[in-house]
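Novice: Pasting a structure here, questions to come.
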Amino acid sequence: MEYFVQQLANGLTLGSIYGLIAIGYTMVYGIIGMINFAHGDIFMLGAFAALIVFLILTSFFAGIPVALALLVMLIIAMLMTSLWNWTIERVAYRPLRGSFRLAPLITAIGMSIVLSNFIQVTQGPRNKPIPALVTDVYHFGDITISLKQIIIIALTAVLLTIFWYVVNKTPLGRAQRATEQDRKMAALLGVDVDRTISITFIMGAALAAVAGTMYLMYYGVATFNDGFIPGVKAFTAAVLGGIGSLPGAVLGGLLIGLIESLWSAYFTIAYKDVATFALLAFVLIFKPTGILGRPEVEKV
Amino acid sequence: MSLGTNSMSNDTILKVEHLSMRFGGLMAINDFSFEAKRGEITALIGPNGAGKTTVFNCITGFYKPTMGMITLTQRDGEHYLLERLRDFEITKLARVSRTFQNIRLFSGLTVLENLLVAQHNALMKASGYTILGLLGLPAYRKASAAAIDKAKYWLDKANLTERADDPAGDLPYGAQRRLEIARAMCTGPELLCLDEPAAGLNPRESAALNTLLHSIRDEGVSILLIEHDMSVVMEISDHVVVLEYGQKISDGTPDHVKNDPKVIAAYLGVEDDEVEEIEEQLDEGTI
Amino acid sequence: MTQPSALENSGLMMQAVKEAVFAGAVAFGLFILYVGIETYQDINNALVWRTRWGLLFSFVAIAAFGRFVVVGFIKPHLDKRKRAKAKAGIPEVTDHKGFFHRHFLKIALVLLLLYPPLSVMLAGTQGSLKYVDNFGIQILIYVMLAWGLNIVVGLAGLLDLGYVAFYAVGAYSYALLSEHFGLSFWVLLPMAGILAAFWGIILGFPVLRLRGDYLAIVTLAFGEIIRLVLINWTVVTKGTFGVSGIPKASFFGIWSFDVGAPNNFTKAFGLSMSSAYYKIFLFYLILALCMLTAYVTIKLRRMPIGRAWEALREDEIACRSLGINTVTTKLTAFAIGAMIGGFAGAFFATRQGFVSPESFVFLESAVILAIVVLGGMGSLTGIAIAAIVMVGGTELLREMEFLKHVFGPDFTPELYRMLLFGLAMIVVMVFKPRGFVGSREPTAYLKERKAVSGSFTKEGHG
């Protein structure tokens, strides 16, 4: 039982990170209907920004409180990825809006290749380890829960609440939903569609940066190709939860995190990714719109 | 190719019995029955949202009806229960083909290719399910030439021969409508279902459409059509069925339906108790 | 209005400067951390950092200057040309194509046939290895894979992001069956194709109902599952170590290319020992396989099944209304595409003599898909051109030793291979979203064969 709860906590932590990345996928897909394949690499850029800021901070202010360091890392990583995602949308996706549907998918895959190779070229191909930032652990009976796990889960919960509020209750969210429904009509009714889409990309990127920073804090290491696997899993999470749905993305992320940690704990770690992907295929085949997605009616 | 229509015109080609279709809580079609006679043009009319297209989708297999029986009787007496067939089998086996309210052409294929795709099943058989065709056997080459001849025949009927090698998406609207009908005819149907064929056509295109439909009927093919435009319906159909809120409110010759107070009420949108009033006015000849 | 006035011109320059400053600022923001700062491990293996302001400055300068040139000169020039074109009306497409244009395919084929002897003549027996193997064979493998995927994506409009799985099935089929049963390449080549087709159907069946991006992501998942199974099922596949010692293909059993064999090709002809002959043989083998693929594709397009694929791409519902069984139509597309991938996989295994899961990562699927889309979906010529440009271009980088003289001895051009590949993908898509060849050839015609412009064809929703 303790073992199970322990794995549950691990799974929730991992799932929160997937969920944070998945929100970016789901928002972008919802609003312009494209798979932003480069989003996983935006997450990786976030982790690297946090890493570099951490190195600079510790060399200038050796005794900086960890909480402050984390906050600075988080903010700069968010600014960084936001700027990147904004630029990418402007340069690579916007010219293709309304064109052939496969074109933006190919540019996104190209962008993903560019970003990971850019970091490989500029920062080197090796693993980048940093010392552990948060080391506190709490014991509840036989269960050990670390502070970093609590931080990650709590932060995800808070961010999801804020985002849910923004999308459902603010004029910005209304503009986003209108653009999602019918871009032309939204533009005719005075919604600045370009700006709305840009903001969506920025919001997704900011969350990816949070996920990247948390990932760095949790595992203490970053590599140039860290974007791919978490990216694919986060996309899986978004689809699993029902693409376009915010709570769905987080739910999908948590599910995947749980499956991964429970599968590794009780079966074999070797096939944990196979389990995730098989689950994705299963869900899509039997419920193609995901868990919380709106059913799509075939129009004849 | 022309078959005598008179000798056959009395038997039923399509019989719809107690058809019901429910979407969640909405009863789109409620216990709807009608018959279409062979060699006739039967029109299904009704106000917006009456459920005409839903009936069509049930007949052509795009929806599975909640209840009811749809029987198609072919010329040789073969019966098919359409609600039990899959959508493509309804065209392939039962020989019912259809067009769509929002034209669905293969816009990137040429006009001729559109008509060849429609002859898929015949050509598949002739090509020995591709294998013999890959070897370049003469049987397939012959079938292929025959398919082009059939396409030419319908291109001519639809007045599209000039545009045969142009992409279908490049045609003007009226020509696209005619092409869609020609394409449906290339599947060799016994019953042709047309979903608002005259919608959006200008008077000249409308006239061309009427000619095409008449020539199709003269070939012995029965037509079931949904139409909004009453003038078109009255001009070309032999038999009219009126649908409102998923239920049949009238059924008969165009003249009969035209004077049916329930139909007038449905189209003018009056309350039930006003129907009697209109009936009276009709008798007095004030409408 | 033929010449922009001076006032307009200065306004344009002002705008160009403004935009250049903005672009510079954005570039500064983008690159300050990743380019301006370098992280590396010191002798104690601790991560430390140092600045690279010079490099950062060049990035910013390039961005600003590039933007200045684009806004100030290139854009006005393009606008002017567009206006001139609009004034002149749509230019008639000339039917009188040049000799080269009309006989393009024949010329290309002759060049390909002459390619190995030419490279032997120009670079010597040993020197030809690089040209025949690294360029010739490498590019032709991608041509074949892309042509195979073209049937699924380009013709049938089913977006498949896991195509590399079938390549892997073909490669491992050959590697394992030859290892365990000692069967020859010529027996196993068709078997690899059939096994891959079988897997195409198995994986195709559950995803038939899926559309668009859902289909894409499930095919990606299947591709990953196959790769993960190859990694983890170590008893059979030897995991990440891969299968090595895969036998070479023989010249239809008549001559062998194994050094020790009595019927060795070089011995039989009294040639000097060199692996170049084997590579040349492989070159012609893959060329023949490519030609077979092209022949089958061209033939199938003119058959009912091929037309049904294209119709499926254009409108699935209309297909069903015409009595076409979309399930079998989709499955045949999957199966034939997979079979071609399987053939290519078997060839790959015999060429490398070694297979490991490393060769079948998602990136490969992405590269193949990119080649199909960049070439222009459905167009065999366009796809072949895209393969030559993208694969050949990045292979060329390996050869650019002279760049070391420019950027210093530490410069390894290979590192930039995928970076440039990705950039090329983006640039081509932004400027030519329909790919190099955007039009499609009709499969039948009454009077004249007119190419269908890309603006009419659809990309499918599957």
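Numbering starts fresh at 1 for the residues of each chain in the structure tokens, the chains themselves are lettered A, B, ... in the order given, and ligands are numbered from 1 as they appear.
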So which residues touch region 353-365 of chain C within 7 Å, counting only C-alpha atoms, skipping near sequence neighbours fewer than 3 positions away, as a list in words?

Specialist: Leu161, Gly162, Tyr163, Val164, Ala165, Ala168, Arg227, Leu230, Ile231, Thr240, Phe241, Gly242, Val243, Ser244, Gly245, Ile246, Pro247, Lys248, Ala349, Thr350, Ile368 and Leu369 of chain C

Novice: Could those residues be written to a file, using all heavy atoms, as a compact mmCIF listing (two decimals), in the first residue's frame?

Specialist:
```txt
# COMPACT_ATOMS: atom_id res chain seq x y z
N LEU C 161 2.65 9.31 -39.69
CA LEU C 161 3.89 9.80 -39.08
C LEU C 161 4.74 8.66 -38.56
O LEU C 161 5.72 8.88 -37.88
CB LEU C 161 3.57 10.75 -37.92
CG LEU C 161 3.16 12.17 -38.28
CD1 LEU C 161 2.94 12.97 -37.02
CD2 LEU C 161 4.22 12.83 -39.13
N GLY C 162 4.36 7.42 -38.86
CA GLY C 162 5.13 6.30 -38.33
C GLY C 162 5.62 5.39 -39.44
O GLY C 162 5.80 4.19 -39.24
N TYR C 163 5.86 5.97 -40.61
CA TYR C 163 6.19 5.14 -41.76
C TYR C 163 7.45 4.33 -41.54
O TYR C 163 7.61 3.24 -42.07
CB TYR C 163 6.34 6.04 -42.99
CG TYR C 163 6.50 5.28 -44.28
CD1 TYR C 163 5.48 4.47 -44.75
CD2 TYR C 163 7.68 5.36 -45.01
CE1 TYR C 163 5.62 3.77 -45.92
CE2 TYR C 163 7.82 4.65 -46.19
CZ TYR C 163 6.79 3.86 -46.64
OH TYR C 163 6.93 3.16 -47.80
N VAL C 164 8.35 4.88 -40.74
CA VAL C 164 9.64 4.23 -40.53
C VAL C 164 9.45 2.83 -39.91
O VAL C 164 10.32 1.97 -40.05
CB VAL C 164 10.54 5.13 -39.67
CG1 VAL C 164 10.18 5.05 -38.22
CG2 VAL C 164 11.99 4.83 -39.89
N ALA C 165 8.30 2.59 -39.29
CA ALA C 165 8.04 1.27 -38.70
C ALA C 165 8.12 0.18 -39.77
O ALA C 165 8.66 -0.90 -39.52
CB ALA C 165 6.66 1.26 -38.04
N ALA C 168 11.55 -0.50 -40.73
CA ALA C 168 12.18 -1.34 -39.69
C ALA C 168 11.74 -2.79 -39.83
O ALA C 168 12.56 -3.71 -39.72
CB ALA C 168 11.81 -0.80 -38.31
N ARG C 227 9.58 0.54 -32.53
CA ARG C 227 10.98 0.81 -32.20
C ARG C 227 11.29 0.36 -30.76
O ARG C 227 12.32 -0.25 -30.50
CB ARG C 227 11.26 2.31 -32.35
CG ARG C 227 12.72 2.68 -32.22
CD ARG C 227 12.91 4.17 -32.41
NE ARG C 227 12.27 4.94 -31.35
CZ ARG C 227 12.89 5.28 -30.23
NH1 ARG C 227 14.13 4.92 -30.02
NH2 ARG C 227 12.26 5.97 -29.30
N LEU C 230 11.63 -3.27 -30.57
CA LEU C 230 12.94 -3.68 -31.12
C LEU C 230 14.04 -3.47 -30.08
O LEU C 230 14.97 -4.26 -29.98
CB LEU C 230 13.26 -2.88 -32.38
CG LEU C 230 12.43 -3.20 -33.62
CD1 LEU C 230 12.85 -2.31 -34.78
CD2 LEU C 230 12.59 -4.66 -34.02
N ILE C 231 13.91 -2.40 -29.30
CA ILE C 231 14.94 -2.13 -28.29
C ILE C 231 14.84 -3.14 -27.15
O ILE C 231 15.84 -3.66 -26.67
CB ILE C 231 14.79 -0.70 -27.74
CG1 ILE C 231 15.19 0.32 -28.81
CG2 ILE C 231 15.64 -0.50 -26.49
CD1 ILE C 231 15.00 1.75 -28.38
N THR C 240 19.51 -2.78 -28.28
CA THR C 240 20.22 -1.65 -28.88
C THR C 240 21.51 -2.07 -29.56
O THR C 240 22.07 -1.33 -30.35
CB THR C 240 20.57 -0.60 -27.81
OG1 THR C 240 21.05 -1.30 -26.66
CG2 THR C 240 19.36 0.21 -27.43
N PHE C 241 22.02 -3.29 -29.23
CA PHE C 241 23.24 -3.74 -29.90
C PHE C 241 22.99 -3.99 -31.39
O PHE C 241 23.88 -3.92 -32.20
CB PHE C 241 23.78 -5.02 -29.25
CG PHE C 241 24.25 -4.78 -27.86
CD1 PHE C 241 23.56 -5.29 -26.78
CD2 PHE C 241 25.38 -4.01 -27.63
CE1 PHE C 241 23.97 -5.04 -25.49
CE2 PHE C 241 25.81 -3.76 -26.33
CZ PHE C 241 25.10 -4.28 -25.26
N GLY C 242 21.77 -4.33 -31.70
CA GLY C 242 21.42 -4.54 -33.10
C GLY C 242 21.88 -5.88 -33.62
O GLY C 242 22.55 -6.65 -32.93
N VAL C 243 21.47 -6.16 -34.84
CA VAL C 243 21.85 -7.41 -35.49
C VAL C 243 22.97 -7.09 -36.46
O VAL C 243 22.83 -6.22 -37.31
CB VAL C 243 20.65 -8.01 -36.26
CG1 VAL C 243 21.02 -9.35 -36.86
CG2 VAL C 243 19.46 -8.14 -35.35
N SER C 244 24.08 -7.81 -36.33
CA SER C 244 25.18 -7.53 -37.26
C SER C 244 25.48 -8.77 -38.08
O SER C 244 24.89 -9.83 -37.88
CB SER C 244 26.41 -7.06 -36.49
OG SER C 244 26.71 -8.00 -35.49
N GLY C 245 26.42 -8.63 -38.99
CA GLY C 245 26.80 -9.75 -39.84
C GLY C 245 25.70 -10.18 -40.80
O GLY C 245 25.57 -11.35 -41.13
N ILE C 246 24.91 -9.23 -41.23
CA ILE C 246 23.85 -9.56 -42.18
C ILE C 246 24.49 -9.85 -43.54
O ILE C 246 25.32 -9.06 -44.01
CB ILE C 246 22.86 -8.39 -42.30
CG1 ILE C 246 22.24 -8.12 -40.92
CG2 ILE C 246 21.78 -8.69 -43.33
CD1 ILE C 246 21.48 -6.84 -40.85
N PRO C 247 24.15 -10.99 -44.17
CA PRO C 247 24.83 -11.35 -45.42
C PRO C 247 24.57 -10.36 -46.54
O PRO C 247 23.53 -9.70 -46.60
CB PRO C 247 24.24 -12.72 -45.75
CG PRO C 247 23.02 -12.85 -44.92
CD PRO C 247 23.20 -12.00 -43.72
N LYS C 248 25.56 -10.29 -47.42
CA LYS C 248 25.43 -9.39 -48.58
C LYS C 248 24.50 -10.02 -49.60
O LYS C 248 24.31 -11.24 -49.63
CB LYS C 248 26.80 -9.19 -49.22
CG LYS C 248 27.73 -8.36 -48.38
CD LYS C 248 29.09 -8.27 -49.05
CE LYS C 248 30.00 -7.34 -48.26
NZ LYS C 248 31.36 -7.35 -48.79
N ALA C 349 19.16 -3.17 -44.88
CA ALA C 349 19.84 -4.13 -44.03
C ALA C 349 21.01 -4.78 -44.77
O ALA C 349 22.10 -4.93 -44.22
CB ALA C 349 18.86 -5.21 -43.57
N THR C 350 20.80 -5.12 -46.02
CA THR C 350 21.89 -5.79 -46.75
C THR C 350 23.00 -4.80 -47.10
O THR C 350 24.17 -5.15 -47.16
CB THR C 350 21.36 -6.51 -47.99
OG1 THR C 350 22.39 -7.36 -48.48
CG2 THR C 350 20.95 -5.57 -49.08
N ILE C 368 11.22 11.58 -44.09
CA ILE C 368 10.56 11.01 -45.27
C ILE C 368 9.29 11.79 -45.59
O ILE C 368 9.04 12.15 -46.75
CB ILE C 368 10.23 9.51 -45.03
CG1 ILE C 368 11.50 8.73 -44.73
CG2 ILE C 368 9.55 8.91 -46.25
CD1 ILE C 368 11.24 7.36 -44.14
N LEU C 369 8.52 12.08 -44.56
CA LEU C 369 7.30 12.86 -44.79
C LEU C 369 7.64 14.23 -45.35
O LEU C 369 6.98 14.73 -46.27
CB LEU C 369 6.51 13.01 -43.48
CG LEU C 369 5.22 13.82 -43.60
CD1 LEU C 369 4.21 13.07 -44.45
CD2 LEU C 369 4.63 14.12 -42.25
```

Novice: For region 165-174 of chain A, please output as a list in words all residues within 12 Å (counting only C-alpha atoms; exclusion window: fewer than 5 positions along the same chain).

Specialist: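 Counting only the stated atoms, we get Ile23, Met27, Gly30, Ile31, Val158, Leu159, Leu160, Thr179, Glu180, Gln181, Ala186, Val191, Asp192, Val193, Arg195, Thr196, Ile197, Ser198, Ile199, Thr200, Met203, Gly244, Ser245, Leu246 and Pro247 of chain A.
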
Novice: What's the 12 Å shell around region 267-270 of chain A, counting only C-alpha atoms, without same-chain residues fewer than 2 positions away, as a list of chain:residue names?

Specialist: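 My list of contacting residues is A:Ile259, A:Glu260, A:Ser261, A:Leu262, A:Trp263, A:Ser264, A:Ala265, A:Lys272, A:Asp273, A:Val274, A:Ala275, A:Thr276, C:Ile225, C:Leu228, C:Val229, C:Leu230, C:Ile231, C:Asn232, C:Trp233, C:Thr234, C:Gly239.
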
Novice: Which residues, written as an MDAnalysis selection string, have at least one atom at most 7 Å from region 105-119 of chain B, with only C-alpha atoms counted and residues fewer than 2 positions away on the same chain left out?

Specialist: (chainID B and resid 103 121:123 147 151 163:169 180 183:184 186:187) or (chainID C and resid 304 307:308 311 314:315 322 442 444:445 452 456:458)

Novice: I need the chain B residues near chain A as a VMD selection string; criterion: at most 8 Å, counting only C-alpha atoms.

Specialist: chain B and resid 57 62 100

Novice: Using only C-alpha atoms, I'd like every residue of chain C that has an atom within 6 Å of chain A; please write them out as a PyMOL selection string.

Specialist: chain C and resi 38+218+221+225+419+422+425-426+429+433

Novice: Take the residues from that selection and write them out as an mmCIF file, in the first residue's frame, keeping C-alpha atoms.

Specialist:
```cif
data_model
loop_
_atom_site.group_PDB
_atom_site.id
_atom_site.type_symbol
_atom_site.label_atom_id
_atom_site.label_comp_id
_atom_site.auth_asym_id
_atom_site.auth_seq_id
_atom_site.Cartn_x
_atom_site.Cartn_y
_atom_site.Cartn_z
ATOM 1 C CA GLU C 38 28.127 28.941 -23.311
ATOM 2 C CA VAL C 218 -1.621 7.164 -33.603
ATOM 3 C CA ALA C 221 2.626 5.985 -31.578
ATOM 4 C CA ILE C 225 5.935 1.092 -30.236
ATOM 5 C CA LEU C 419 20.019 22.164 -38.336
ATOM 6 C CA GLY C 422 15.231 21.707 -40.528
ATOM 7 C CA MET C 425 12.103 22.415 -44.450
ATOM 8 C CA ILE C 426 10.763 25.655 -43.001
ATOM 9 C CA MET C 429 7.256 25.350 -46.887
ATOM 10 C CA PRO C 433 3.586 25.402 -49.408
#
```

Novice: My list of candidates is B:Ile45, B:Leu155, B:Ile13, B:Ala50. Which is closest to chain C when distances are computed with only C-alpha atoms?

Specialist: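 Among B:Ile45, B:Leu155, B:Ile13, B:Ala50, it is B:Leu155 that comes nearest to chain C.
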
Novice: If you count only C-alpha atoms, which residues fall within 8 Å of region 154-157 of chain A, apart from same-chain ones fewer than 6 positions away, as a VMD selection string?

Specialist: chain A and resid 16 to 17 20

Novice: Quick one: residues within 12 Å of Ile41 (chain B), only C-alpha atoms, excluding same-chain residues fewer than 2 positions away - as a CSV table (one decimal) with N, CA, C and O atoms, in the first residue's frame?

Specialist:
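Below is the file that was written, around11.csv:
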```
chain,number,residue,atom,x,y,z
B,5,THR,N,-40.8,3.5,-70.1
B,5,THR,CA,-41.1,3.9,-68.8
B,5,THR,C,-42.6,3.5,-68.4
B,5,THR,O,-42.9,3.2,-67.2
B,9,SER,N,-44.1,1.9,-64.9
B,9,SER,CA,-44.3,3.0,-64.0
B,9,SER,C,-45.2,2.7,-62.8
B,9,SER,O,-45.3,3.5,-61.8
B,13,ILE,N,-40.6,1.4,-56.4
B,13,ILE,CA,-39.1,1.1,-56.4
B,13,ILE,C,-38.6,1.3,-54.9
B,13,ILE,O,-37.8,0.5,-54.4
B,14,LEU,N,-39.2,2.3,-54.2
B,14,LEU,CA,-38.7,2.5,-52.9
B,14,LEU,C,-39.9,2.6,-51.9
B,14,LEU,O,-40.9,3.3,-52.2
B,35,GLU,N,-44.0,6.0,-50.4
B,35,GLU,CA,-43.5,5.2,-51.5
B,35,GLU,C,-43.1,6.0,-52.7
B,35,GLU,O,-43.7,7.1,-52.9
B,36,ALA,N,-42.1,5.5,-53.4
B,36,ALA,CA,-41.7,6.2,-54.7
B,36,ALA,C,-41.9,5.2,-55.8
B,36,ALA,O,-41.5,4.0,-55.7
B,37,LYS,N,-42.6,5.6,-56.9
B,37,LYS,CA,-42.9,4.7,-58.0
B,37,LYS,C,-41.7,4.7,-59.0
B,37,LYS,O,-41.0,5.7,-59.2
B,38,ARG,N,-41.6,3.6,-59.6
B,38,ARG,CA,-40.5,3.4,-60.6
B,38,ARG,C,-40.8,4.3,-61.8
B,38,ARG,O,-41.9,4.4,-62.3
B,39,GLY,N,-39.7,5.0,-62.3
B,39,GLY,CA,-39.8,5.8,-63.5
B,39,GLY,C,-40.4,7.1,-63.2
B,39,GLY,O,-40.6,7.9,-64.2
B,43,ALA,N,-40.8,14.1,-55.3
B,43,ALA,CA,-40.2,15.2,-54.6
B,43,ALA,C,-40.5,15.1,-53.1
B,43,ALA,O,-41.6,14.8,-52.8
B,44,LEU,N,-39.5,15.4,-52.3
B,44,LEU,CA,-39.7,15.4,-50.9
B,44,LEU,C,-39.5,16.9,-50.5
B,44,LEU,O,-38.4,17.4,-50.7
B,191,LEU,N,-32.2,4.1,-58.7
B,191,LEU,CA,-32.9,5.3,-58.0
B,191,LEU,C,-31.8,6.3,-57.8
B,191,LEU,O,-30.7,6.0,-57.3
B,192,LEU,N,-32.1,7.5,-58.2
B,192,LEU,CA,-31.2,8.6,-58.0
B,192,LEU,C,-31.8,9.6,-57.0
B,192,LEU,O,-32.9,10.1,-57.1
B,193,CYS,N,-31.0,9.9,-55.9
B,193,CYS,CA,-31.5,10.8,-54.9
B,193,CYS,C,-30.8,12.1,-55.0
B,193,CYS,O,-29.5,12.1,-54.9
B,194,LEU,N,-31.5,13.2,-55.2
B,194,LEU,CA,-30.9,14.5,-55.4
B,194,LEU,C,-31.3,15.4,-54.2
B,194,LEU,O,-32.4,15.6,-53.9
B,210,ASN,N,-33.3,21.0,-65.4
B,210,ASN,CA,-34.6,20.3,-65.7
B,210,ASN,C,-34.4,19.4,-66.9
B,210,ASN,O,-34.9,18.3,-66.8
B,213,LEU,N,-32.6,16.3,-65.8
B,213,LEU,CA,-33.4,15.4,-65.0
B,213,LEU,C,-34.4,14.7,-65.8
B,213,LEU,O,-34.7,13.5,-65.6
B,214,HIS,N,-35.0,15.4,-66.8
B,214,HIS,CA,-36.0,14.7,-67.6
B,214,HIS,C,-35.3,13.6,-68.5
B,214,HIS,O,-35.9,12.5,-68.6
B,215,SER,N,-34.1,13.9,-69.0
B,215,SER,CA,-33.5,12.9,-69.8
B,215,SER,C,-33.1,11.7,-68.9
B,215,SER,O,-33.1,10.5,-69.4
B,216,ILE,N,-32.8,11.9,-67.6
B,216,ILE,CA,-32.5,10.8,-66.7
B,216,ILE,C,-33.8,10.0,-66.5
B,216,ILE,O,-33.7,8.7,-66.6
B,217,ARG,N,-34.9,10.6,-66.3
B,217,ARG,CA,-36.1,9.9,-66.1
B,217,ARG,C,-36.5,9.1,-67.4
B,217,ARG,O,-36.9,8.0,-67.3
B,218,ASP,N,-36.2,9.7,-68.5
B,218,ASP,CA,-36.5,9.0,-69.8
B,218,ASP,C,-35.6,7.7,-70.0
B,218,ASP,O,-36.0,6.8,-70.8
B,220,GLY,N,-35.4,5.7,-67.7
B,220,GLY,CA,-36.0,4.7,-66.8
B,220,GLY,C,-35.4,4.7,-65.4
B,220,GLY,O,-35.7,3.8,-64.6
B,221,VAL,N,-34.7,5.7,-65.1
B,221,VAL,CA,-34.2,5.8,-63.7
B,221,VAL,C,-35.1,6.7,-62.9
B,221,VAL,O,-35.6,7.7,-63.3
B,222,SER,N,-35.5,6.1,-61.7
B,222,SER,CA,-36.4,6.9,-60.9
B,222,SER,C,-35.6,7.9,-60.1
B,222,SER,O,-34.5,7.7,-59.8
B,223,ILE,N,-36.3,9.0,-59.8
B,223,ILE,CA,-35.6,10.1,-59.1
B,223,ILE,C,-36.4,10.5,-57.8
B,223,ILE,O,-37.6,10.6,-57.8
B,224,LEU,N,-35.6,10.6,-56.7
B,224,LEU,CA,-36.2,11.1,-55.5
B,224,LEU,C,-35.4,12.4,-55.2
B,224,LEU,O,-34.2,12.4,-55.2
B,225,LEU,N,-36.1,13.5,-55.1
B,225,LEU,CA,-35.4,14.7,-54.8
B,225,LEU,C,-36.0,15.6,-53.7
B,225,LEU,O,-37.2,15.6,-53.5
B,226,ILE,N,-35.1,16.2,-53.0
B,226,ILE,CA,-35.4,17.2,-52.0
B,226,ILE,C,-35.4,18.6,-52.7
B,226,ILE,O,-34.4,18.8,-53.4
B,227,GLU,N,-36.4,19.4,-52.5
B,227,GLU,CA,-36.3,20.7,-53.1
B,227,GLU,C,-37.0,21.7,-52.3
B,227,GLU,O,-37.9,21.4,-51.5
B,232,VAL,N,-39.8,24.7,-59.1
B,232,VAL,CA,-39.1,23.6,-59.7
B,232,VAL,C,-39.8,22.3,-59.4
B,232,VAL,O,-40.1,21.5,-60.3
B,233,VAL,N,-40.2,22.1,-58.2
B,233,VAL,CA,-41.0,20.9,-57.8
B,233,VAL,C,-42.2,20.7,-58.6
B,233,VAL,O,-42.4,19.7,-59.2
B,234,MET,N,-43.0,21.8,-58.7
B,234,MET,CA,-44.3,21.7,-59.4
B,234,MET,C,-44.1,21.4,-60.9
B,234,MET,O,-44.8,20.7,-61.5
B,235,GLU,N,-43.0,21.9,-61.4
B,235,GLU,CA,-42.8,21.7,-62.8
B,235,GLU,C,-42.3,20.3,-63.2
B,235,GLU,O,-42.8,19.8,-64.2
B,236,ILE,N,-41.4,19.7,-62.4
B,236,ILE,CA,-40.9,18.5,-62.9
B,236,ILE,C,-41.3,17.2,-62.1
B,236,ILE,O,-41.2,16.1,-62.6
B,237,SER,N,-41.9,17.4,-61.0
B,237,SER,CA,-42.2,16.1,-60.2
B,237,SER,C,-43.6,15.5,-60.6
B,237,SER,O,-44.5,16.2,-60.9
B,238,ASP,N,-43.6,14.2,-60.4
B,238,ASP,CA,-44.8,13.5,-60.7
B,238,ASP,C,-45.6,13.3,-59.4
B,238,ASP,O,-46.8,13.0,-59.4
B,239,HIS,N,-44.9,13.3,-58.3
B,239,HIS,CA,-45.4,12.9,-57.0
B,239,HIS,C,-44.7,13.7,-55.9
B,239,HIS,O,-43.5,13.8,-56.0
B,240,VAL,N,-45.5,14.3,-55.0
B,240,VAL,CA,-44.8,15.1,-54.0
B,240,VAL,C,-45.2,14.6,-52.6
B,240,VAL,O,-46.3,14.2,-52.3
B,241,VAL,N,-44.2,14.5,-51.7
B,241,VAL,CA,-44.4,14.2,-50.3
B,241,VAL,C,-44.0,15.3,-49.5
B,241,VAL,O,-42.9,15.9,-49.7
B,253,THR,N,-50.2,14.2,-55.9
B,253,THR,CA,-49.7,14.9,-57.1
B,253,THR,C,-49.4,16.3,-56.7
B,253,THR,O,-49.9,16.8,-55.7
B,254,PRO,N,-48.6,17.0,-57.6
B,254,PRO,CA,-48.3,18.4,-57.3
B,254,PRO,C,-49.5,19.2,-57.1
B,254,PRO,O,-49.5,20.0,-56.2
```

Novice: Give me, as a list in words, all polymer residues having an atom no more than 6 Å from Ala209 (chain A), counting only C-alpha atoms and skipping those fewer than 4 positions away in the same chain.

Specialist: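 Listing them by chain and then by number gives Phe43, Gly46, Ala77 and Met78 of chain A.
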
Novice: Taking only C-alpha atoms into account, which residues of chain C are within 10 Å of chain B, as a PyMOL selection string?

Specialist: chain C and resi 295-296+299-300+302-326+439-459

Novice: Go ahead and compute the interatomic distance for CA of Phe28 (chain C) and CA of Arg90 (chain A), in Å to one decimal.

Specialist: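 Between these atoms lies a distance of 16.5 Å.
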
Novice: Region 78-200 of chain A: which residues are alpha helix (DSSP H) by DSSP, as number ranges by chain?

Specialist: A: 78-88, 102-123, 147-169, 171-181, 183-188, 193-200

Novice: Which value, in Å to one decimal, gives the distance between CA of Gly24 (chain C) and CA of Phe59 (chain C)?

Specialist: 8.5 Å
